[in-house]
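See below for the structure under consideration.
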Amino acid sequence: MKKVTLANGVQVPIIGFGVYQIPKEKTAQAVEDAIKAGYRHIDTAQSYLNESEVGQGITASGIAREELFVTTKIWVHNVSYDGVMKSFDESLKRLNLEYVDLLLIHQPYNDVYGAWRAMEELQKSGKVRAIGISNFAVDRAIDLAAFNEIKPQINQIEINPFQQQTNTIKALREDGIAVEAWAPFAEGKRDIFKNPILTKIGQTYHKSVAQIILRWLIQQDIIVLAKSVNPDRMKENIDVFDFELTAEDINQIATLNDGESQFFSHADPAMIKWMATREIEGI
């Protein structure tokens, strides 16, 4: 599988398997199935409450640890120096791993700078190979990069045909920050899987709409997370390296961009207050 090289030299498989909203009782099997299908990049988070099951799936797969790229994320209430240090050790125990390949601050709230100092230390200690952020607006990302010893190596943000984030991607890359996409299929919103433009492009290559979206992202060297509990769909989602979209295809997809989140704004005061009060038992 194609890989993206981060600023510190760490290589990331360009398509990852995400486990957000997979029920705990299905997560271990889904991870094992994904690895069997060919995924080598697994993405979880403290707030998903399935780190233990991800670890079980990894163990059951029988694949050597060094062949896998594993990501987890620090939840809002643990975003401080002490919070990162304590909660990360708990994440490692749940995952049954000695290190993770990528550790992210999940949301741009709380004591981001204290948390970042802890993450720099974890990276230097070898417990984390790469560190980054998630859902940070471009100004917050560049600010964090400018005033710390180590720049974020990745920003994981919403990118899909309706929210293409072209200017943000350009600015992040200019500062050496790789881009990773969550919700590439917009979680099915706006009937994306029946979109006429994406469907027509898919017919040209005998590919599904999901495969067209994933190909559109990897041609931009954007790391992308795909999710499914169906083994056949898992295989389909990584079968995107045998064709290439044309410039005209990409121009057609560009017309779908309306530049708005399909979910919510991270700058919305009500959302910030909601996350500040959202206690998640177990993390």
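Ligands are numbered from 1 in the order shown, chains are lettered A, B, ... in the order of the structure tokens, and residues start at 1 in each chain.
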
Dump as CSV the rows for residues of segment 134-174 of chain A within 9 Å of segment 260-279 of chain A: closest atom pair and distance in Å with one decimal, only C-alpha atoms counted, ordered by chain and rising residue number.
residue,atom,partner,partner_atom,distance
A:Asn135,CA,A:His266,CA,7.3
A:Phe136,CA,A:His266,CA,8.1
A:Ala137,CA,A:His266,CA,8.1
A:Glu158,CA,A:Ser261,CA,7.4
A:Ile159,CA,A:Ser261,CA,8.6
A:Asn160,CA,A:Gln262,CA,8.9
A:Phe162,CA,A:Glu260,CA,7.1
A:Gln163,CA,A:Glu260,CA,5.5
A:Gln164,CA,A:Glu260,CA,8.7
A:Gln165,CA,A:Glu260,CA,8.9

Any idea what's packed within 9 Å of Tyr81 of chain A, counting only C-alpha atoms, ignoring anything in its chain fewer than 5 positions away? Could you give it as JSON, numbers by chain? {"A": [86, 111, 112, 113, 114, 115, 116, 117, 118, 119]}

Counting only C-alpha atoms, the option among A:Glu187, A:Glu32, A:Glu180, A:Asp175 closest to Leu144 of chain A: A:Asp175

Pick from A:Ser80, A:Thr255, A:Thr168, A:Asn50 nearest to Val138 of chain A, counting only C-alpha atoms: A:Thr168

Give the alpha helix (DSSP H) residues of segment 112-249 of chain A, as assigned by DSSP on the backbone, as a VMD selection string. chain A and resid 112 to 125 138 to 146 166 to 174 196 to 205 209 to 218 231 to 237 247 to 249

Which polymer residues have any atom within 8 Å of an atom of segment 25-28 of chain A, counting only C-alpha atoms, with same-chain residues fewer than 3 positions away left out, as a list in words?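 That gives Val19, Ile22, Val31, Glu32, Asn50, Glu53, Val54, Gly55, Gln56, Gly57, Ile58 and Val229 of chain A.
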
Given only C-alpha atoms, how would the per-residue table for segment 106-214 of chain A near segment 2-17 of chain A read, listing every residue at most 10 Å away with its closest atom pair and distance in Å to one decimal, sorted by chain and number, as JSON lines?
{"residue": "A:Arg129", "atom": "CA", "partner": "A:Val10", "partner_atom": "CA", "distance": 7.2}
{"residue": "A:Ala130", "atom": "CA", "partner": "A:Val10", "partner_atom": "CA", "distance": 7.0}
{"residue": "A:Ile131", "atom": "CA", "partner": "A:Asn8", "partner_atom": "CA", "distance": 9.8}
{"residue": "A:Ile150", "atom": "CA", "partner": "A:Asn8", "partner_atom": "CA", "distance": 9.5}
{"residue": "A:Lys151", "atom": "CA", "partner": "A:Ala7", "partner_atom": "CA", "distance": 8.8}
{"residue": "A:Pro152", "atom": "CA", "partner": "A:Ala7", "partner_atom": "CA", "distance": 9.0}
{"residue": "A:Gln153", "atom": "CA", "partner": "A:Leu6", "partner_atom": "CA", "distance": 6.1}
{"residue": "A:Ile154", "atom": "CA", "partner": "A:Leu6", "partner_atom": "CA", "distance": 7.6}
{"residue": "A:Asp175", "atom": "CA", "partner": "A:Ala7", "partner_atom": "CA", "distance": 9.8}
{"residue": "A:Gly176", "atom": "CA", "partner": "A:Ala7", "partner_atom": "CA", "distance": 6.2}
{"residue": "A:Ile177", "atom": "CA", "partner": "A:Ala7", "partner_atom": "CA", "distance": 7.2}
{"residue": "A:Ala178", "atom": "CA", "partner": "A:Leu6", "partner_atom": "CA", "distance": 6.4}
{"residue": "A:Val179", "atom": "CA", "partner": "A:Leu6", "partner_atom": "CA", "distance": 9.7}
{"residue": "A:Glu180", "atom": "CA", "partner": "A:Ile14", "partner_atom": "CA", "distance": 8.7}
{"residue": "A:Ala181", "atom": "CA", "partner": "A:Ile15", "partner_atom": "CA", "distance": 9.7}
{"residue": "A:Trp182", "atom": "CA", "partner": "A:Gly16", "partner_atom": "CA", "distance": 10.0}
{"residue": "A:Leu214", "atom": "CA", "partner": "A:Ile15", "partner_atom": "CA", "distance": 8.3}

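All residues of protein, DNA or RNA that reach within 9 Å of Ile213 of chain A, judged by only C-alpha atoms and not counting those fewer than 2 positions away in the chain, are A:Asn160, A:Pro161, A:Pro184, A:Phe185, A:Leu198, A:Ser208, A:Val209, A:Ala210, A:Gln211, A:Arg215, A:Trp216, A:Leu217, A:Ile218, A:Ile253.
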
How about saving the chosen residues, C-alpha atoms kept, as a PDB file, in the first residue's frame?
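Result written to again19.pdb:
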ATOM      1  CA  ASN A 160     -15.046  14.893   1.851  1.00  0.00           C
ATOM      2  CA  PRO A 161     -16.444  16.036  -1.527  1.00  0.00           C
ATOM      3  CA  PRO A 184     -14.477  10.885   3.684  1.00  0.00           C
ATOM      4  CA  PHE A 185     -17.968   9.616   2.879  1.00  0.00           C
ATOM      5  CA  LEU A 198     -19.600  10.552  -8.278  1.00  0.00           C
ATOM      6  CA  SER A 208     -18.149   2.338  -6.393  1.00  0.00           C
ATOM      7  CA  VAL A 209     -18.719   5.896  -5.204  1.00  0.00           C
ATOM      8  CA  ALA A 210     -16.747   5.047  -2.056  1.00  0.00           C
ATOM      9  CA  GLN A 211     -13.791   3.916  -4.163  1.00  0.00           C
ATOM     10  CA  ARG A 215      -9.031   7.502  -4.918  1.00  0.00           C
ATOM     11  CA  TRP A 216      -9.679  11.270  -5.070  1.00  0.00           C
ATOM     12  CA  LEU A 217      -8.088  11.650  -1.635  1.00  0.00           C
ATOM     13  CA  ILE A 218      -5.078   9.412  -2.137  1.00  0.00           C
ATOM     14  CA  ILE A 253     -15.602  16.565  -7.951  1.00  0.00           C
TER      15      ILE A 253
END

Residues near segment 105-109 of chain A, cut-off 7 Å, only C-alpha atoms, skip fewer than 3 positions along chain, as a PyMOL selection string: chain A and resi 73-76+112+132-136

One-decimal distance in Å that lies between atom CA of Asn230 of chain A and atom CA of Asp33 of chain A: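 Separation between atom CA of Asp33 of chain A and atom CA of Asn230 of chain A: 8.6 Å.
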